[in-house]
Amino acid sequence: MTDKRQPTMLDNPRSRLEVRNATLRDVPEIASLIDRVYAGTGMTGYSAGSLIGQINNFPEGQFAAMVEDRVVGYCATFRISGELALKPHTWEEITGHGYASRHDPEGEWLYGMEVCVDPRYRGYRIGQRLYNARKRLCQDLGLKGIVFVGRLPTLARRIRRFAGVEEYVEQVQQKQQRDPVLSFQLRNGFEVIGVIPRYLDADRESLGYGVHLVWHNPKVPEETPTGRRKRYGRRLPDTIRVGAVQYMQRRVISFDEFLGFIEYFVDVVADYKGDFVVFPEMFALQVLSIEDQELDPAVSIEALTKYTPRFKEALRNLAIRYNINIIGGSHPTRMPNGRVENIAYVFLRDGAIYEQPKIHPTPNEVYWWNIEGGNTLNAIETDCGPIGVLICYDAEFPELTRHLADQGVQILFVPFCTDERQSYLRVRYCGQARAVENQFYVVMAGNVGNLPNVSNMDIQYAQSCILTPCDFPFARDGIAADTTPNVEMVAIADLRPETLQMARNNGTVQNLRDRRHDLYSVRWRGK
């Protein structure tokens, strides 16, 4: 996986990428960003006055993507009536000359007047994050949907090949052509209403044309059905989408090839709008097959530790670029104090990295790798709420999951690595028990395939799954998603935290509430 991009502040492991509401203090940075984005297009940026107007007219509708104190993306919206937004118009008249002065506090539609991303930060799905912020705002306000008019920045170069702009747009809709802006908008669930000529005459690249687009809020029923609409890949409101990768162990010839397999699965789950993708325990031992000979345990540990910095840098970069949280499996690592621990790395899409050591190494891990157990177990705060990670054998100890449940965890991720069916079933049955006991979701991901020249990784057995409590609001068997045993694939499910709260407070049984705190408790003595 070759990375030819220019260095950015996100290369610093301490940097974070976040989307928040823009403030008046951001105005100089936003103006500078927009000037850079539109340089050479013939279009001018916004004045400080127009940006101040946008923020003052509708403060909750303006979003800034931030890396540290730098604005790397901007999104501007305002509310408006459908009577104005759904009929042909020009950019000047609909936006009040860029000041968002047409904002109507009673407007039932959200109008998108601007989205731009710093060219140096493209590839980190910042535009997707800004679109997601718009959709969340639309749903939080109970609006009918989002309307805007999009650019066609390659139209001037390509129009001669088509009978007209309508034919070009139609071919993009049919996926016979790809447009860098319109194709992205269609993937985000927007539908074409029509083409508006002279929408913005200054946009020479688009020949002044704009594509009129609409997105319907799924929480608000449409008043007049317009026919069946494609629902493939859509998400229910208020859900967290997770993907468990059942990963095939096979020989690789380079570390870049190993990263290529990881990126493939990250891309797959991200394309399904996933919030989390989880890889199995020990899956990084695949890199030891590069040597094409069996290494003794001591040499293996040093080889793995050598790859750890590149592994962490690459997966952090993927989490940011694909806008998804990655549970990066685990691999044995020599720690600075000389101990060998089995570490699960968690890469959040804002750039944060967390480490969760395995608390209980198995007898095989102690024998082959001299692994020692860690002493930290904390909830990890994510943009989808607090999560916990327990590596394989740790899921067989109910005290650990109760410790995490007490910290507010609602999803437990269990990367595992088992060699045969009985070993797998121990983890599976315990995972289901933990879901019932703590009334939370459990996501398991394991390895399949063979790795003959890597110690303790010669054979694998797995059936990855996403488990739920067993009560009426959940799937009948307490299984939200399952895989075929020993086949490389991905299990994906939508999980609803609200349903967990209902079960915990009003379920048939209420395990967490009914505990006898007067008789017993879990007391954590670690860090």
# chains A, B, ... in the order shown; residues from 1 in each chain; ligands from 1

call {"tool": "select_by_dssp", "arguments": {"residues": "segment 48-209 of chain A", "states": "alpha helix (DSSP H)", "output": "PyMOL selection string"}}
result
chain A and resi 48-57+82-85+91-95+126-140+155-158+165-173+182-187

call {"tool": "closest_residue", "arguments": {"among": "A:Asn188, A:Gln410, A:Asn447, A:Thr308", "to": "Ile343 of chain A", "atoms": "only C-alpha atoms"}}
result
A:Thr308

call {"tool": "select_by_dssp", "arguments": {"residues": "segment 117-326 of chain A", "states": "strand (DSSP E)", "output": "PyMOL selection string"}}
result
chain A and resi 117+145-150+191-196+210-216+240-249+276-279+325-326

call {"tool": "closest_residue", "arguments": {"among": "A:Pro415, A:Gly123, A:Gly194, A:Gly478", "to": "Ala433 of chain A", "atoms": "only C-alpha atoms"}}
result
A:Gly478

call {"tool": "residues_around", "arguments": {"residues": "Pro497 of chain A", "least_positions_apart": "2", "cutoff": "8 Å", "atoms": "only C-alpha atoms", "output": "number ranges by chain"}}
result
A: 238-240, 410, 495, 499-501

call {"tool": "write_last_selection", "arguments": {"atoms": "N, CA and C atoms", "output": "JSON list (two decimals), in the first residue's frame"}}
result
[["chain", "number", "residue", "atom", "x", "y", "z"],
["A", 238, "ASP", "N", -30.95, 5.82, 14.43],
["A", 238, "ASP", "CA", -30.49, 5.54, 15.79],
["A", 238, "ASP", "C", -29.86, 4.17, 15.93],
["A", 239, "THR", "N", -29.14, 3.75, 14.91],
["A", 239, "THR", "CA", -28.48, 2.45, 14.98],
["A", 239, "THR", "C", -26.97, 2.62, 14.90],
["A", 240, "ILE", "N", -26.27, 1.60, 15.37],
["A", 240, "ILE", "CA", -24.82, 1.51, 15.23],
["A", 240, "ILE", "C", -24.55, 0.28, 14.36],
["A", 410, "GLN", "N", -21.93, -0.72, 26.22],
["A", 410, "GLN", "CA", -23.11, -1.28, 25.57],
["A", 410, "GLN", "C", -22.76, -2.26, 24.45],
["A", 495, "LEU", "N", -27.18, -2.33, 15.43],
["A", 495, "LEU", "CA", -27.44, -2.48, 16.86],
["A", 495, "LEU", "C", -28.05, -1.19, 17.38],
["A", 499, "THR", "N", -32.73, 0.05, 22.33],
["A", 499, "THR", "CA", -33.34, -1.24, 22.65],
["A", 499, "THR", "C", -32.72, -1.85, 23.89],
["A", 500, "LEU", "N", -31.40, -1.67, 24.05],
["A", 500, "LEU", "CA", -30.74, -2.16, 25.27],
["A", 500, "LEU", "C", -31.31, -1.48, 26.51],
["A", 501, "GLN", "N", -31.50, -0.16, 26.43],
["A", 501, "GLN", "CA", -32.03, 0.55, 27.57],
["A", 501, "GLN", "C", -33.44, 0.08, 27.92]]

call {"tool": "residues_around", "arguments": {"residues": "segment 320-335 of chain A", "least_positions_apart": "2", "cutoff": "6 Å", "atoms": "only C-alpha atoms", "output": "PyMOL selection string"}}
result
chain A and resi 123-125+275-282+284+305+317-318+337-349+415

call {"tool": "closest_residue", "arguments": {"among": "A:Lys527, A:Arg120, A:Arg426, A:Lys87", "to": "Ile359 of chain A", "atoms": "only C-alpha atoms"}}
result
A:Lys527

call {"tool": "closest_atom_pairs", "arguments": {"of": "segment 115-160 of chain A", "to": "segment 64-77 of chain A", "cutoff": "9 Å", "atoms": "only C-alpha atoms", "output": "tab-separated table"}}
result
residue	atom	partner	partner_atom	distance
A:Val115	CA	A:Cys75	CA	4.4
A:Cys116	CA	A:Tyr74	CA	5.5
A:Val117	CA	A:Gly73	CA	4.2
A:Asp118	CA	A:Val72	CA	5.0
A:Pro119	CA	A:Val72	CA	8.6
A:Arg120	CA	A:Val72	CA	8.5
A:Tyr121	CA	A:Val72	CA	6.8
A:Ile126	CA	A:Gly73	CA	6.7
A:Gly127	CA	A:Gly73	CA	7.5
A:Arg129	CA	A:Ala65	CA	8.2
A:Leu130	CA	A:Cys75	CA	6.3
A:Tyr131	CA	A:Cys75	CA	8.2
A:Ala133	CA	A:Cys75	CA	8.9
A:Arg134	CA	A:Thr77	CA	7.9

call {"tool": "closest_atom_pairs", "arguments": {"of": "segment 334-375 of chain A", "to": "segment 9-32 of chain A", "cutoff": "7 Å", "atoms": "only C-alpha atoms", "output": "Markdown table"}}
result
| residue | atom | partner | partner_atom | distance |
| --- | --- | --- | --- | --- |
| A:Asp350 | CA | A:Leu17 | CA | 4.4 |
| A:Gly351 | CA | A:Arg16 | CA | 4.9 |
| A:Ala352 | CA | A:Arg16 | CA | 6.5 |

call {"tool": "closest_residue", "arguments": {"among": "A:Gly388, A:Pro218, A:Pro469, A:Gly526", "to": "Arg402 of chain A", "atoms": "only C-alpha atoms"}}
result
A:Gly388

call {"tool": "closest_residue", "arguments": {"among": "A:Asp494, A:Glu437, A:Glu399, A:Asp256", "to": "Tyr272 of chain A", "atoms": "only C-alpha atoms"}}
result
A:Asp494

call {"tool": "residues_around", "arguments": {"residues": "Gly208 of chain A", "least_positions_apart": "5", "cutoff": "8 Å", "atoms": "only C-alpha atoms", "output": "PyMOL selection string"}}
result
chain A and resi 197-203

call {"tool": "closest_residue", "arguments": {"among": "A:Leu390, A:Leu304, A:Ala39, A:Ala491", "to": "Ala244 of chain A", "atoms": "only C-alpha atoms"}}
result
A:Ala491

call {"tool": "residues_around", "arguments": {"residues": "Leu412 of chain A", "least_positions_apart": "5", "cutoff": "8 Å", "atoms": "only C-alpha atoms", "output": "PyMOL selection string"}}
result
chain A and resi 387-390+440-443

call {"tool": "write_last_selection", "arguments": {"atoms": "all heavy atoms", "output": "CSV table (one decimal), in the first residue's frame"}}
result
chain,number,residue,atom,x,y,z
A,387,ILE,N,-17.5,1.5,24.6
A,387,ILE,CA,-17.3,0.1,24.2
A,387,ILE,C,-16.3,-0.5,25.1
A,387,ILE,O,-15.5,0.1,25.8
A,387,ILE,CB,-16.9,0.0,22.7
A,387,ILE,CG1,-15.5,0.6,22.5
A,387,ILE,CG2,-17.9,0.7,21.8
A,387,ILE,CD1,-14.8,0.2,21.2
A,388,GLY,N,-16.3,-1.9,25.0
A,388,GLY,CA,-15.2,-2.6,25.7
A,388,GLY,C,-14.6,-3.7,24.8
A,388,GLY,O,-15.3,-4.1,23.8
A,389,VAL,N,-13.4,-4.1,25.0
A,389,VAL,CA,-12.7,-5.1,24.3
A,389,VAL,C,-12.2,-6.2,25.2
A,389,VAL,O,-11.5,-5.8,26.2
A,389,VAL,CB,-11.6,-4.5,23.4
A,389,VAL,CG1,-10.9,-5.6,22.6
A,389,VAL,CG2,-12.1,-3.5,22.4
A,390,LEU,N,-12.5,-7.4,25.0
A,390,LEU,CA,-12.0,-8.5,25.7
A,390,LEU,C,-11.4,-9.5,24.6
A,390,LEU,O,-12.2,-9.9,23.7
A,390,LEU,CB,-13.0,-9.2,26.6
A,390,LEU,CG,-13.5,-8.5,27.8
A,390,LEU,CD1,-14.5,-9.3,28.6
A,390,LEU,CD2,-12.3,-8.1,28.7
A,440,PHE,N,-26.0,-6.5,27.0
A,440,PHE,CA,-25.4,-5.7,26.0
A,440,PHE,C,-25.1,-6.6,24.8
A,440,PHE,O,-25.3,-7.8,24.8
A,440,PHE,CB,-24.2,-4.9,26.5
A,440,PHE,CG,-23.0,-5.7,27.1
A,440,PHE,CD1,-22.8,-7.0,26.8
A,440,PHE,CD2,-22.2,-5.1,28.0
A,440,PHE,CE1,-21.7,-7.7,27.4
A,440,PHE,CE2,-21.1,-5.7,28.6
A,440,PHE,CZ,-20.9,-7.1,28.2
A,441,TYR,N,-24.6,-5.9,23.7
A,441,TYR,CA,-24.2,-6.6,22.5
A,441,TYR,C,-22.8,-7.2,22.6
A,441,TYR,O,-21.9,-6.5,23.1
A,441,TYR,CB,-24.4,-5.7,21.3
A,441,TYR,CG,-25.8,-5.1,21.1
A,441,TYR,CD1,-26.0,-3.8,21.3
A,441,TYR,CD2,-26.8,-6.0,20.7
A,441,TYR,CE1,-27.3,-3.3,21.1
A,441,TYR,CE2,-28.1,-5.4,20.5
A,441,TYR,CZ,-28.3,-4.1,20.7
A,441,TYR,OH,-29.6,-3.6,20.5
A,442,VAL,N,-22.6,-8.3,21.9
A,442,VAL,CA,-21.2,-8.9,21.9
A,442,VAL,C,-20.9,-9.2,20.4
A,442,VAL,O,-21.7,-9.9,19.7
A,442,VAL,CB,-21.2,-10.2,22.7
A,442,VAL,CG1,-19.8,-10.9,22.5
A,442,VAL,CG2,-21.4,-9.9,24.2
A,443,VAL,N,-19.8,-8.7,19.9
A,443,VAL,CA,-19.4,-8.8,18.5
A,443,VAL,C,-18.1,-9.7,18.5
A,443,VAL,O,-17.1,-9.3,19.1
A,443,VAL,CB,-19.1,-7.5,17.9
A,443,VAL,CG1,-18.8,-7.7,16.4
A,443,VAL,CG2,-20.3,-6.6,18.0

call {"tool": "residues_around", "arguments": {"residues": "Leu295 of chain A", "least_positions_apart": "5", "cutoff": "12 Å", "atoms": "only C-alpha atoms", "output": "tab-separated table (two decimals) with C-alpha atoms, in the first residue's frame"}}
result
chain	number	residue	atom	x	y	z
A	285	LEU	CA	0.77	-13.07	13.02
A	287	VAL	CA	3.18	-11.15	8.74
A	288	LEU	CA	5.45	-13.90	10.10
A	289	SER	CA	4.70	-15.92	6.96
A	290	ILE	CA	6.76	-13.38	5.00
A	300	SER	CA	8.86	-14.22	16.24
A	301	ILE	CA	8.13	-11.75	19.02
A	302	GLU	CA	10.95	-9.46	17.90
A	303	ALA	CA	9.72	-9.65	14.30
A	304	LEU	CA	6.17	-8.74	15.34
A	368	TRP	CA	4.64	-20.46	22.68
A	369	TRP	CA	5.10	-16.76	23.30
A	452	PRO	CA	1.69	-23.77	8.44
A	453	ASN	CA	5.02	-22.06	9.17
A	454	VAL	CA	3.85	-19.89	12.07
A	455	SER	CA	3.97	-21.39	15.55
A	456	ASN	CA	0.57	-21.91	17.20
